[in-house]
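Student: Input file: data.csv. Contents: CSV, N, CA and C atoms and all ligand atoms.
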```
chain,number,residue,atom,x,y,z
P,1,MET,N,-10.2,25.9,-6.6
P,1,MET,CA,-9.0,26.5,-6.0
P,1,MET,C,-8.6,27.8,-6.8
P,2,LYS,N,-8.7,27.7,-8.1
P,2,LYS,CA,-8.4,28.9,-8.9
P,2,LYS,C,-9.4,30.0,-8.7
P,3,GLN,N,-10.6,29.6,-8.4
P,3,GLN,CA,-11.7,30.6,-8.2
P,3,GLN,C,-11.4,31.4,-6.9
P,4,ILE,N,-10.9,30.7,-5.9
P,4,ILE,CA,-10.6,31.4,-4.6
P,4,ILE,C,-9.5,32.4,-4.9
P,5,VAL,N,-8.5,32.1,-5.7
P,5,VAL,CA,-7.4,33.0,-6.0
P,5,VAL,C,-8.0,34.3,-6.7
P,6,VAL,N,-8.9,34.0,-7.7
P,6,VAL,CA,-9.5,35.1,-8.4
P,6,VAL,C,-10.3,36.0,-7.5
P,7,SER,N,-11.1,35.4,-6.7
P,7,SER,CA,-11.9,36.3,-5.8
P,7,SER,C,-11.1,37.0,-4.8
P,8,ALA,N,-10.0,36.4,-4.3
P,8,ALA,CA,-9.1,37.1,-3.4
P,8,ALA,C,-8.4,38.3,-4.1
P,9,LEU,N,-8.1,38.1,-5.4
P,9,LEU,CA,-7.5,39.2,-6.2
P,9,LEU,C,-8.5,40.4,-6.3
P,10,LEU,N,-9.7,40.0,-6.6
P,10,LEU,CA,-10.8,41.0,-6.8
P,10,LEU,C,-11.0,41.8,-5.5
P,11,PHE,N,-10.9,41.1,-4.4
P,11,PHE,CA,-11.1,41.7,-3.1
P,11,PHE,C,-10.0,42.8,-2.9
P,12,VAL,N,-8.7,42.4,-3.3
P,12,VAL,CA,-7.6,43.3,-3.1
P,12,VAL,C,-7.8,44.6,-4.0
P,13,VAL,N,-8.2,44.3,-5.3
P,13,VAL,CA,-8.4,45.4,-6.2
P,13,VAL,C,-9.5,46.3,-5.7
P,14,ALA,N,-10.6,45.8,-5.2
P,14,ALA,CA,-11.7,46.6,-4.7
P,14,ALA,C,-11.2,47.4,-3.5
P,15,GLY,N,-10.4,46.8,-2.7
P,15,GLY,CA,-9.9,47.6,-1.5
P,15,GLY,C,-9.0,48.7,-1.9
P,16,ALA,N,-8.2,48.5,-2.9
P,16,ALA,CA,-7.4,49.6,-3.5
P,16,ALA,C,-8.2,50.7,-4.0
P,17,LEU,N,-9.3,50.4,-4.7
P,17,LEU,CA,-10.1,51.4,-5.3
P,17,LEU,C,-10.8,52.2,-4.3
P,18,VAL,N,-11.2,51.6,-3.2
P,18,VAL,CA,-11.9,52.3,-2.1
P,18,VAL,C,-10.9,53.3,-1.5
P,19,SER,N,-9.6,52.8,-1.3
P,19,SER,CA,-8.6,53.7,-0.7
P,19,SER,C,-8.4,54.9,-1.6
P,20,VAL,N,-8.3,54.7,-2.9
P,20,VAL,CA,-8.1,55.9,-3.8
P,20,VAL,C,-9.3,56.8,-3.7
P,21,ALA,N,-10.5,56.3,-3.7
P,21,ALA,CA,-11.7,57.1,-3.6
P,21,ALA,C,-11.6,58.0,-2.3
P,22,ALA,N,-11.2,57.3,-1.2
P,22,ALA,CA,-11.2,58.0,0.1
P,22,ALA,C,-10.2,59.2,0.1
P,23,VAL,N,-9.0,58.9,-0.6
P,23,VAL,CA,-8.0,59.9,-0.7
P,23,VAL,C,-8.5,61.1,-1.5
P,24,VAL,N,-9.2,60.8,-2.6
P,24,VAL,CA,-9.7,61.9,-3.4
P,24,VAL,C,-10.7,62.8,-2.6
P,25,VAL,N,-11.6,62.1,-1.9
P,25,VAL,CA,-12.6,62.8,-1.1
P,25,VAL,C,-11.9,63.7,0.0
P,26,VAL,N,-10.9,63.1,0.7
P,26,VAL,CA,-10.3,63.9,1.7
P,26,VAL,C,-9.5,65.1,1.2
P,27,SER,N,-8.8,64.9,0.1
P,27,SER,CA,-8.0,66.0,-0.5
P,27,SER,C,-8.9,67.1,-1.0
P,28,HIS,N,-10.1,66.8,-1.5
P,28,HIS,CA,-11.0,67.8,-2.0
P,28,HIS,C,-11.6,68.5,-0.8
P,29,GLY,N,-11.9,67.8,0.3
P,29,GLY,CA,-12.4,68.4,1.5
P,29,GLY,C,-11.5,69.4,2.1
P,30,SER,N,-10.2,69.2,2.0
P,30,SER,CA,-9.3,70.1,2.7
P,30,SER,C,-8.8,71.2,1.8
P,31,ALA,N,-9.1,71.2,0.5
P,31,ALA,CA,-8.7,72.2,-0.4
P,31,ALA,C,-9.4,73.5,-0.2
P,32,LYS,N,-10.7,73.4,0.2
P,32,LYS,CA,-11.5,74.6,0.3
P,32,LYS,C,-11.0,75.7,1.3
P,33,PRO,N,-10.7,75.3,2.6
P,33,PRO,CA,-10.3,76.4,3.5
P,33,PRO,C,-9.0,77.1,3.1
P,34,ASN,N,-8.1,76.5,2.3
P,34,ASN,CA,-6.9,77.2,1.9
P,34,ASN,C,-7.2,78.3,0.9
P,35,THR,N,-8.3,78.2,0.2
P,35,THR,CA,-8.5,79.2,-0.8
P,35,THR,C,-9.4,80.4,-0.3
P,36,THR,N,-10.0,80.2,0.9
P,36,THR,CA,-10.9,81.2,1.4
P,36,THR,C,-10.2,81.8,2.6
P,37,PRO,N,-9.8,83.1,2.5
P,37,PRO,CA,-9.1,83.8,3.6
P,37,PRO,C,-10.1,84.1,4.7
P,38,THR,N,-10.0,83.4,5.8
P,38,THR,CA,-10.9,83.6,6.9
P,38,THR,C,-10.4,84.5,8.0
P,39,ASN,N,-9.1,84.9,7.9
P,39,ASN,CA,-8.5,85.7,8.9
P,39,ASN,C,-8.6,87.2,8.7
P,40,VAL,N,-9.2,87.6,7.5
P,40,VAL,CA,-9.3,89.0,7.3
P,40,VAL,C,-10.8,89.4,7.2
P,41,SER,N,-11.2,90.3,8.1
P,41,SER,CA,-12.6,90.7,8.1
P,41,SER,C,-12.7,92.2,8.1
P,42,SER,N,-13.9,92.8,7.8
P,42,SER,CA,-14.0,94.2,7.9
P,42,SER,C,-14.8,94.6,9.1
P,43,ALA,N,-14.4,95.8,9.7
P,43,ALA,CA,-15.1,96.3,10.8
P,43,ALA,C,-15.2,97.8,10.6
P,44,GLY,N,-16.4,98.2,10.0
P,44,GLY,CA,-16.6,99.6,9.6
P,44,GLY,C,-15.7,99.9,8.5
P,45,PRO,N,-15.0,101.1,8.6
P,45,PRO,CA,-14.0,101.5,7.6
P,45,PRO,C,-12.7,100.7,7.7
P,46,ASN,N,-12.5,100.0,8.8
P,46,ASN,CA,-11.3,99.3,9.0
P,46,ASN,C,-11.3,97.8,8.5
P,47,GLN,N,-10.2,97.2,8.4
P,47,GLN,CA,-10.2,95.8,8.2
P,47,GLN,C,-9.4,95.2,9.4
P,48,VAL,N,-9.7,94.0,9.7
P,48,VAL,CA,-9.1,93.3,10.9
P,48,VAL,C,-8.4,92.0,10.3
P,49,ILE,N,-7.1,91.9,10.6
P,49,ILE,CA,-6.4,90.7,10.2
P,49,ILE,C,-6.0,90.0,11.5
P,50,GLU,N,-6.3,88.7,11.6
P,50,GLU,CA,-6.0,88.0,12.8
P,50,GLU,C,-4.9,86.9,12.4
P,51,ILE,N,-3.9,87.0,13.2
P,51,ILE,CA,-2.7,86.0,13.0
P,51,ILE,C,-2.4,85.5,14.4
P,52,SER,N,-2.2,84.1,14.5
P,52,SER,CA,-1.8,83.5,15.7
P,52,SER,C,-0.3,83.2,15.7
P,53,ALA,N,0.3,83.4,16.9
P,53,ALA,CA,1.7,83.2,17.1
P,53,ALA,C,1.9,82.1,18.1
P,54,LYS,N,2.5,81.0,17.6
P,54,LYS,CA,2.9,79.9,18.4
P,54,LYS,C,3.6,78.9,17.6
P,55,GLY,N,4.9,78.8,17.8
P,55,GLY,CA,5.8,77.9,17.0
P,55,GLY,C,5.7,78.4,15.5
P,56,GLY,N,5.6,79.7,15.3
P,56,GLY,CA,5.4,80.2,14.0
P,56,GLY,C,4.2,81.1,13.9
P,57,TYR,N,3.8,81.6,12.7
P,57,TYR,CA,2.7,82.4,12.6
P,57,TYR,C,1.7,81.8,11.6
P,58,ARG,N,0.4,81.8,12.0
P,58,ARG,CA,-0.7,81.3,11.2
P,58,ARG,C,-1.8,82.2,11.0
P,59,PRO,N,-2.3,82.5,9.8
P,59,PRO,CA,-1.7,81.9,8.6
P,59,PRO,C,-0.4,82.6,8.2
P,60,GLN,N,0.4,82.0,7.5
P,60,GLN,CA,1.7,82.6,7.1
P,60,GLN,C,1.5,83.6,6.0
P,61,ASN,N,0.5,83.5,5.2
P,61,ASN,CA,0.3,84.4,4.1
P,61,ASN,C,-1.2,84.9,4.2
P,62,SER,N,-1.3,86.2,4.2
P,62,SER,CA,-2.7,86.8,4.2
P,62,SER,C,-2.8,87.8,3.0
P,63,THR,N,-4.0,88.0,2.5
P,63,THR,CA,-4.2,89.0,1.5
P,63,THR,C,-5.2,90.0,2.1
P,64,ALA,N,-4.9,91.3,2.0
P,64,ALA,CA,-5.8,92.3,2.6
P,64,ALA,C,-6.0,93.4,1.6
P,65,LYS,N,-6.9,94.3,1.9
P,65,LYS,CA,-7.2,95.5,1.0
P,65,LYS,C,-6.2,96.6,1.2
P,66,ALA,N,-5.8,97.1,0.1
P,66,ALA,CA,-4.9,98.3,0.1
P,66,ALA,C,-5.7,99.5,0.5
P,67,GLY,N,-5.0,100.6,0.9
P,67,GLY,CA,-5.6,101.9,1.2
P,67,GLY,C,-6.7,101.8,2.3
P,68,THR,N,-6.5,100.9,3.2
P,68,THR,CA,-7.5,100.7,4.2
P,68,THR,C,-6.8,100.7,5.6
P,69,PRO,N,-7.3,101.5,6.6
P,69,PRO,CA,-6.7,101.4,7.9
P,69,PRO,C,-6.9,99.9,8.4
P,70,THR,N,-5.9,99.4,9.0
P,70,THR,CA,-5.9,98.0,9.3
P,70,THR,C,-5.5,97.7,10.8
P,71,THR,N,-6.3,96.9,11.4
P,71,THR,CA,-6.0,96.5,12.8
P,71,THR,C,-5.5,95.0,12.7
P,72,LEU,N,-4.3,94.9,13.1
P,72,LEU,CA,-3.6,93.6,13.1
P,72,LEU,C,-3.7,93.0,14.5
P,73,LYS,N,-4.4,91.9,14.6
P,73,LYS,CA,-4.6,91.3,15.9
P,73,LYS,C,-3.7,90.0,16.0
P,74,LEU,N,-2.8,90.1,17.0
P,74,LEU,CA,-1.9,88.9,17.1
P,74,LEU,C,-2.3,88.1,18.4
P,75,GLU,N,-2.6,86.9,18.1
P,75,GLU,CA,-3.1,86.1,19.2
P,75,GLU,C,-2.1,85.0,19.7
P,76,THR,N,-1.9,85.0,21.0
P,76,THR,CA,-1.0,84.0,21.6
P,76,THR,C,-1.8,83.2,22.6
P,77,SER,N,-1.4,81.9,22.7
P,77,SER,CA,-2.1,81.0,23.6
P,77,SER,C,-1.1,80.0,24.0
P,78,GLY,N,-0.5,80.2,25.2
P,78,GLY,CA,0.6,79.3,25.7
P,78,GLY,C,1.8,79.3,24.8
P,79,THR,N,2.1,80.6,24.3
P,79,THR,CA,3.3,80.8,23.4
P,79,THR,C,4.5,81.1,24.2
P,80,PHE,N,5.5,80.1,24.2
P,80,PHE,CA,6.7,80.4,25.0
P,80,PHE,C,7.9,80.3,24.1
P,81,ASP,N,7.7,80.3,22.8
P,81,ASP,CA,8.8,80.2,21.9
P,81,ASP,C,9.1,81.6,21.3
P,82,CYS,N,10.1,81.6,20.4
P,82,CYS,CA,10.6,82.9,19.9
P,82,CYS,C,9.6,83.6,19.0
P,83,SER,N,8.5,83.0,18.6
P,83,SER,CA,7.5,83.7,17.8
P,83,SER,C,6.8,84.8,18.6
P,84,SER,N,7.0,84.8,20.0
P,84,SER,CA,6.4,85.9,20.8
P,84,SER,C,7.2,87.2,20.7
P,85,GLY,N,8.4,87.1,20.3
P,85,GLY,CA,9.3,88.3,20.0
P,85,GLY,C,9.1,88.7,18.6
P,86,LEU,N,8.2,89.7,18.4
P,86,LEU,CA,7.8,90.0,17.0
P,86,LEU,C,8.4,91.4,16.6
P,87,SER,N,8.8,91.4,15.4
P,87,SER,CA,9.2,92.7,14.7
P,87,SER,C,8.5,92.8,13.4
P,88,ILE,N,8.0,94.0,13.1
P,88,ILE,CA,7.5,94.3,11.8
P,88,ILE,C,8.4,95.5,11.3
P,89,PRO,N,9.5,95.1,10.6
P,89,PRO,CA,10.5,96.1,10.3
P,89,PRO,C,10.0,97.3,9.5
P,90,LYS,N,9.1,97.1,8.6
P,90,LYS,CA,8.6,98.2,7.8
P,90,LYS,C,7.9,99.3,8.6
P,91,LEU,N,7.3,98.9,9.8
P,91,LEU,CA,6.6,99.8,10.7
P,91,LEU,C,7.5,100.2,11.8
P,92,GLY,N,8.7,99.7,11.9
P,92,GLY,CA,9.6,100.0,13.0
P,92,GLY,C,9.0,99.5,14.3
P,93,TYR,N,8.3,98.4,14.2
P,93,TYR,CA,7.6,97.9,15.4
P,93,TYR,C,8.2,96.6,15.9
P,94,HIS,N,8.4,96.7,17.2
P,94,HIS,CA,9.0,95.5,18.0
P,94,HIS,C,8.2,95.3,19.2
P,95,THR,N,7.9,94.1,19.5
P,95,THR,CA,7.2,93.9,20.8
P,95,THR,C,7.4,92.4,21.3
P,96,GLN,N,7.2,92.3,22.6
P,96,GLN,CA,7.2,91.0,23.2
P,96,GLN,C,5.7,90.6,23.5
P,97,LEU,N,5.2,89.7,22.7
P,97,LEU,CA,3.8,89.3,22.9
P,97,LEU,C,3.7,88.6,24.3
P,98,PRO,N,2.5,88.8,24.9
P,98,PRO,CA,2.3,88.0,26.2
P,98,PRO,C,2.2,86.5,25.8
P,99,SER,N,2.4,85.6,26.8
P,99,SER,CA,2.4,84.2,26.4
P,99,SER,C,0.9,83.8,26.0
P,100,SER,N,-0.1,84.5,26.6
P,100,SER,CA,-1.4,84.3,26.1
P,100,SER,C,-2.1,85.6,26.1
P,101,GLY,N,-2.8,85.9,25.1
P,101,GLY,CA,-3.6,87.1,25.0
P,101,GLY,C,-3.7,87.6,23.6
P,102,GLU,N,-4.1,88.9,23.4
P,102,GLU,CA,-4.3,89.5,22.1
P,102,GLU,C,-3.6,90.8,22.1
P,103,THR,N,-2.8,91.0,21.1
P,103,THR,CA,-2.0,92.3,20.9
P,103,THR,C,-2.5,92.9,19.6
P,104,VAL,N,-2.9,94.2,19.8
P,104,VAL,CA,-3.4,94.9,18.6
P,104,VAL,C,-2.3,95.9,18.1
P,105,VAL,N,-2.1,95.8,16.8
P,105,VAL,CA,-1.1,96.7,16.1
P,105,VAL,C,-1.9,97.5,15.1
P,106,ASN,N,-1.9,98.8,15.1
P,106,ASN,CA,-2.6,99.6,14.2
P,106,ASN,C,-1.7,99.9,13.0
P,107,VAL,N,-2.1,99.4,11.8
P,107,VAL,CA,-1.3,99.6,10.6
P,107,VAL,C,-2.0,100.6,9.7
P,108,PRO,N,-1.2,101.7,9.3
P,108,PRO,CA,-1.8,102.7,8.4
P,108,PRO,C,-2.1,102.1,7.1
P,109,PRO,N,-3.0,102.7,6.3
P,109,PRO,CA,-3.3,102.2,4.9
P,109,PRO,C,-2.0,101.9,4.1
P,110,GLN,N,-2.0,100.8,3.5
P,110,GLN,CA,-0.8,100.4,2.7
P,110,GLN,C,-1.1,100.5,1.2
P,111,GLN,N,0.0,100.7,0.4
P,111,GLN,CA,-0.2,100.8,-1.0
P,111,GLN,C,-0.5,99.4,-1.7
P,112,ALA,N,-1.3,99.5,-2.7
P,112,ALA,CA,-1.6,98.3,-3.5
P,112,ALA,C,-0.3,97.7,-4.0
P,113,GLY,N,-0.2,96.4,-3.9
P,113,GLY,CA,1.0,95.7,-4.4
P,113,GLY,C,2.1,95.6,-3.4
P,114,SER,N,1.9,96.2,-2.2
P,114,SER,CA,3.0,96.2,-1.2
P,114,SER,C,2.7,95.0,-0.3
P,115,THR,N,3.8,94.7,0.4
P,115,THR,CA,3.7,93.6,1.4
P,115,THR,C,4.2,94.1,2.8
P,116,LEU,N,3.7,93.5,3.8
P,116,LEU,CA,4.1,93.7,5.2
P,116,LEU,C,4.6,92.4,5.8
P,117,THR,N,5.8,92.4,6.3
P,117,THR,CA,6.3,91.1,6.8
P,117,THR,C,6.6,91.3,8.3
P,118,GLY,N,6.2,90.3,9.1
P,118,GLY,CA,6.5,90.2,10.5
P,118,GLY,C,7.5,89.1,10.7
P,119,VAL,N,8.5,89.3,11.5
P,119,VAL,CA,9.5,88.2,11.8
P,119,VAL,C,9.7,88.0,13.3
P,120,CYS,N,10.0,86.8,13.7
P,120,CYS,CA,10.3,86.5,15.1
P,120,CYS,C,11.7,87.0,15.4
P,121,SER,N,11.9,87.0,16.8
P,121,SER,CA,13.2,87.6,17.2
P,121,SER,C,14.4,86.9,16.7
P,122,MET,N,14.3,85.6,16.3
P,122,MET,CA,15.5,85.0,15.7
P,122,MET,C,15.5,85.0,14.2
P,123,GLY,N,14.4,85.5,13.6
P,123,GLY,CA,14.4,85.6,12.2
P,123,GLY,C,14.1,84.2,11.5
P,124,MET,N,13.6,83.3,12.3
P,124,MET,CA,13.3,82.0,11.7
P,124,MET,C,11.8,81.8,11.3
P,125,TYR,N,10.9,82.5,11.9
P,125,TYR,CA,9.5,82.4,11.6
P,125,TYR,C,9.1,83.8,11.0
P,126,SER,N,8.2,83.8,10.0
P,126,SER,CA,7.7,85.0,9.5
P,126,SER,C,6.3,84.9,9.0
P,127,PHE,N,5.6,86.0,8.8
P,127,PHE,CA,4.3,86.0,8.1
P,127,PHE,C,4.3,87.2,7.2
P,128,THR,N,3.6,87.1,6.1
P,128,THR,CA,3.5,88.1,5.1
P,128,THR,C,2.0,88.5,4.8
P,129,ILE,N,1.8,89.8,4.8
P,129,ILE,CA,0.4,90.3,4.4
P,129,ILE,C,0.6,91.0,3.1
P,130,ARG,N,-0.1,90.6,2.1
P,130,ARG,CA,-0.1,91.3,0.8
P,130,ARG,C,-1.3,92.2,0.6
P,131,PHE,N,-1.0,93.4,0.2
P,131,PHE,CA,-2.1,94.4,0.1
P,131,PHE,C,-2.5,94.5,-1.4
P,132,GLU,N,-3.7,94.4,-1.8
P,132,GLU,CA,-4.2,94.5,-3.2
P,132,GLU,C,-5.3,95.4,-3.3
P,201,CU,CU,12.3,82.5,16.0
```
Could you write out this structure as structure tokens?
Tutor:
Amino acid sequence: MKQIVVSALLFVVAGALVSVAAVVVVSHGSAKPNTTPTNVSSAGPNQVIEISAKGGYRPQNSTAKAGTPTTLKLETSGTFDCSSGLSIPKLGYHTQLPSSGETVVNVPPQQAGSTLTGVCSMGMYSFTIRFE
């Protein structure tokens, strides 16, 4: 009888260890994409930054090169919320993005250490691009 209790306990402990191992593996797996900026690419002398708008902006934070002409591509896909009403105050830019499509904003070269912020029409969603 005692032996059954001991083996049941071991079974529970083993199960807990497997769960911990699974959590460690999963968290390591998801850590990588966050550190690699995949939404900024170069196209000849320009750089292209891609941001999607739907219930907010993704990614919320981007890092791009300073002193480089920049093409900002805003992607919408079935976007019917206020993130389609976009302002980039520093550029004096305001637009209503189509519910689905791609909108290009040409951004002149920015100074190192500066940031560019876009906000939705209600000021509740935003994205920030940092130039380095
Ligand atoms: Cu909003």
Student: Produce as a PDB file with N, CA and C atoms, keeping the file's coordinate frame the set of residues near ligand CU 201 (chain P), where near means within 6 Å with all atoms listed in the file considered.
Tutor:
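Result saved to result_13.pdb:
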```pdb
ATOM      1  N   CYS P  82      10.100  81.600  20.400  1.00  0.00           N
ATOM      2  CA  CYS P  82      10.600  82.900  19.900  1.00  0.00           C
ATOM      3  C   CYS P  82       9.600  83.600  19.000  1.00  0.00           C
ATOM      4  N   SER P  83       8.500  83.000  18.600  1.00  0.00           N
ATOM      5  CA  SER P  83       7.500  83.700  17.800  1.00  0.00           C
ATOM      6  C   SER P  83       6.800  84.800  18.600  1.00  0.00           C
ATOM      7  N   CYS P 120      10.000  86.800  13.700  1.00  0.00           N
ATOM      8  CA  CYS P 120      10.300  86.500  15.100  1.00  0.00           C
ATOM      9  C   CYS P 120      11.700  87.000  15.400  1.00  0.00           C
ATOM     10  N   SER P 121      11.900  87.000  16.800  1.00  0.00           N
ATOM     11  CA  SER P 121      13.200  87.600  17.200  1.00  0.00           C
ATOM     12  C   SER P 121      14.400  86.900  16.700  1.00  0.00           C
ATOM     13  N   MET P 122      14.300  85.600  16.300  1.00  0.00           N
ATOM     14  CA  MET P 122      15.500  85.000  15.700  1.00  0.00           C
ATOM     15  C   MET P 122      15.500  85.000  14.200  1.00  0.00           C
ATOM     16  N   GLY P 123      14.400  85.500  13.600  1.00  0.00           N
ATOM     17  CA  GLY P 123      14.400  85.600  12.200  1.00  0.00           C
ATOM     18  C   GLY P 123      14.100  84.200  11.500  1.00  0.00           C
ATOM     19  N   MET P 124      13.600  83.300  12.300  1.00  0.00           N
ATOM     20  CA  MET P 124      13.300  82.000  11.700  1.00  0.00           C
ATOM     21  C   MET P 124      11.800  81.800  11.300  1.00  0.00           C
ATOM     22  N   TYR P 125      10.900  82.500  11.900  1.00  0.00           N
ATOM     23  CA  TYR P 125       9.500  82.400  11.600  1.00  0.00           C
ATOM     24  C   TYR P 125       9.100  83.800  11.000  1.00  0.00           C
TER      25      TYR P 125
END
```
Student: What's around Pro89 in chain P at 6.5 Å? Count all atoms listed in the file, leave out sequence neighbours fewer than 6 positions away in its own chain, and write the answer as a ChimeraX atom specification.
Tutor: /P:117-119
Student: What is the CA of Leu74 in chain P-CA of Thr103 in chain P distance in Å, reported with one decimal?
Tutor: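 One can read the CA of Leu74 in chain P to CA of Thr103 in chain P distance as 5.1 Å.
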Student: For a quick check of understanding, using all atoms listed in the file, which of P:Gln47, P:Asn39, P:Asn61, P:Thr70 has the smallest distance to Val105 in chain P?
Tutor: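 With all atoms listed in the file as the atom set, the closest residue is P:Thr70.
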Student: Please provide the set of residues having any atom within 6.5 Å of Thr63 in chain P, restricted to only N, CA and C atoms, with same-chain residues fewer than 3 positions apart removed, written as a PyMOL selection string.
Tutor: chain P and resi 128-132
Student: I need every residue sitting at most 10 Å from the point (-13.9, 95.2, 7.3) (coordinates as in the file, only C-alpha atoms considered), written as a PyMOL selection string.
Tutor: chain P and resi 40-49+64-65+68-71
Student: Just to confirm, what's the straight-line distance from atom C of His94 in chain P to atom C of Gln110 in chain P in Å (one decimal)?
Tutor: 20.9 Å
Student: Please return as a list of chain:residue names: the residues of range 36-125 of chain P that backbone DSSP assigns to helix (DSSP H, G or I).
Tutor: P:Cys82, P:Ser83, P:Ser84, P:Pro89, P:Lys90, P:Leu91
Student: May I ask for the distance between atom C of Gly101 in chain P and atom C of Leu86 in chain P, given in Å to one decimal place?
Tutor: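 Straight-line distance from atom C of Gly101 in chain P to atom C of Leu86 in chain P works out to 14.5 Å.
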Student: Residues at most 6 Å from Gln60 in chain P, counting only N, CA and C atoms, excluding those fewer than 3 positions away in the same chain, as a list in words?
Tutor: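 Neighbouring residues, sequence-local ones excluded: Tyr57, Ser126, Phe127 and Thr128 of chain P.
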Student: Could you write out, as a ChimeraX atom specification, all the residues of range 42-107 of chain P that DSSP marks as strand (DSSP E or B)?
Tutor: /P:42-43,46-53,57-58,61-64,70-76,85-88,93-96,101-107
Student: Which residues are close to Thr76 in chain P, i.e. within 7 Å by all atoms listed in the file, leaving aside same-chain residues fewer than 2 positions away? Reply as an mmCIF file with N, CA and C atoms, keeping the file's coordinate frame.
Tutor:
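What ended up in around-v5.cif:
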```
data_model
loop_
_atom_site.group_PDB
_atom_site.id
_atom_site.type_symbol
_atom_site.label_atom_id
_atom_site.label_comp_id
_atom_site.auth_asym_id
_atom_site.auth_seq_id
_atom_site.Cartn_x
_atom_site.Cartn_y
_atom_site.Cartn_z
ATOM 1 N N ILE P 51 -3.900 87.000 13.200
ATOM 2 C CA ILE P 51 -2.700 86.000 13.000
ATOM 3 C C ILE P 51 -2.400 85.500 14.400
ATOM 4 N N SER P 52 -2.200 84.100 14.500
ATOM 5 C CA SER P 52 -1.800 83.500 15.700
ATOM 6 C C SER P 52 -0.300 83.200 15.700
ATOM 7 N N ALA P 53 0.300 83.400 16.900
ATOM 8 C CA ALA P 53 1.700 83.200 17.100
ATOM 9 C C ALA P 53 1.900 82.100 18.100
ATOM 10 N N LYS P 54 2.500 81.000 17.600
ATOM 11 C CA LYS P 54 2.900 79.900 18.400
ATOM 12 C C LYS P 54 3.600 78.900 17.600
ATOM 13 N N LEU P 74 -2.800 90.100 17.000
ATOM 14 C CA LEU P 74 -1.900 88.900 17.100
ATOM 15 C C LEU P 74 -2.300 88.100 18.400
ATOM 16 N N GLY P 78 -0.500 80.200 25.200
ATOM 17 C CA GLY P 78 0.600 79.300 25.700
ATOM 18 C C GLY P 78 1.800 79.300 24.800
ATOM 19 N N THR P 79 2.100 80.600 24.300
ATOM 20 C CA THR P 79 3.300 80.800 23.400
ATOM 21 C C THR P 79 4.500 81.100 24.200
ATOM 22 N N PRO P 98 2.500 88.800 24.900
ATOM 23 C CA PRO P 98 2.300 88.000 26.200
ATOM 24 C C PRO P 98 2.200 86.500 25.800
ATOM 25 N N SER P 99 2.400 85.600 26.800
ATOM 26 C CA SER P 99 2.400 84.200 26.400
ATOM 27 C C SER P 99 0.900 83.800 26.000
ATOM 28 N N SER P 100 -0.100 84.500 26.600
ATOM 29 C CA SER P 100 -1.400 84.300 26.100
ATOM 30 C C SER P 100 -2.100 85.600 26.100
ATOM 31 N N GLY P 101 -2.800 85.900 25.100
ATOM 32 C CA GLY P 101 -3.600 87.100 25.000
ATOM 33 C C GLY P 101 -3.700 87.600 23.600
ATOM 34 N N GLU P 102 -4.100 88.900 23.400
ATOM 35 C CA GLU P 102 -4.300 89.500 22.100
ATOM 36 C C GLU P 102 -3.600 90.800 22.100
ATOM 37 N N THR P 103 -2.800 91.000 21.100
ATOM 38 C CA THR P 103 -2.000 92.300 20.900
ATOM 39 C C THR P 103 -2.500 92.900 19.600
#
```
Student: Using only C-alpha atoms, pick whichever of P:Leu72, P:Leu97, P:Ala66, P:Val107 has the shortest atom-to-atom distance to Gly85 in chain P.
Tutor: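 Counting only C-alpha atoms, the residue closest to Gly85 in chain P is P:Leu97.
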Student: Produce range 67-92 of chain P of the given structure as output with C-alpha atoms, as an mmCIF file, in the first residue's frame.
Tutor:
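File written: result-v4.cif
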```cif
data_model
loop_
_atom_site.group_PDB
_atom_site.id
_atom_site.type_symbol
_atom_site.label_atom_id
_atom_site.label_comp_id
_atom_site.auth_asym_id
_atom_site.auth_seq_id
_atom_site.Cartn_x
_atom_site.Cartn_y
_atom_site.Cartn_z
ATOM 1 C CA GLY P 67 20.039 59.639 -42.219
ATOM 2 C CA THR P 68 18.312 57.312 -44.659
ATOM 3 C CA PRO P 69 15.323 58.013 -46.898
ATOM 4 C CA THR P 70 12.535 55.845 -45.547
ATOM 5 C CA THR P 71 9.461 54.296 -47.059
ATOM 6 C CA LEU P 72 6.865 53.592 -44.425
ATOM 7 C CA LYS P 73 4.378 50.959 -45.570
ATOM 8 C CA LEU P 74 1.160 50.783 -43.607
ATOM 9 C CA GLU P 75 -0.792 47.619 -44.134
ATOM 10 C CA THR P 76 -4.465 47.204 -43.385
ATOM 11 C CA SER P 77 -6.547 44.067 -43.726
ATOM 12 C CA GLY P 78 -10.161 44.265 -42.665
ATOM 13 C CA THR P 79 -9.351 47.261 -40.466
ATOM 14 C CA PHE P 80 -12.523 49.027 -39.357
ATOM 15 C CA ASP P 81 -11.335 50.439 -36.059
ATOM 16 C CA CYS P 82 -9.827 53.819 -35.275
ATOM 17 C CA SER P 83 -6.272 52.659 -36.066
ATOM 18 C CA SER P 84 -7.154 53.391 -39.711
ATOM 19 C CA GLY P 85 -7.269 57.106 -38.862
ATOM 20 C CA LEU P 86 -3.552 57.796 -38.685
ATOM 21 C CA SER P 87 -1.574 60.884 -37.769
ATOM 22 C CA ILE P 88 2.195 61.295 -37.738
ATOM 23 C CA PRO P 89 2.348 64.704 -36.023
ATOM 24 C CA LYS P 90 6.068 65.306 -36.620
ATOM 25 C CA LEU P 91 5.508 65.041 -40.385
ATOM 26 C CA GLY P 92 2.192 66.923 -40.301
#
```
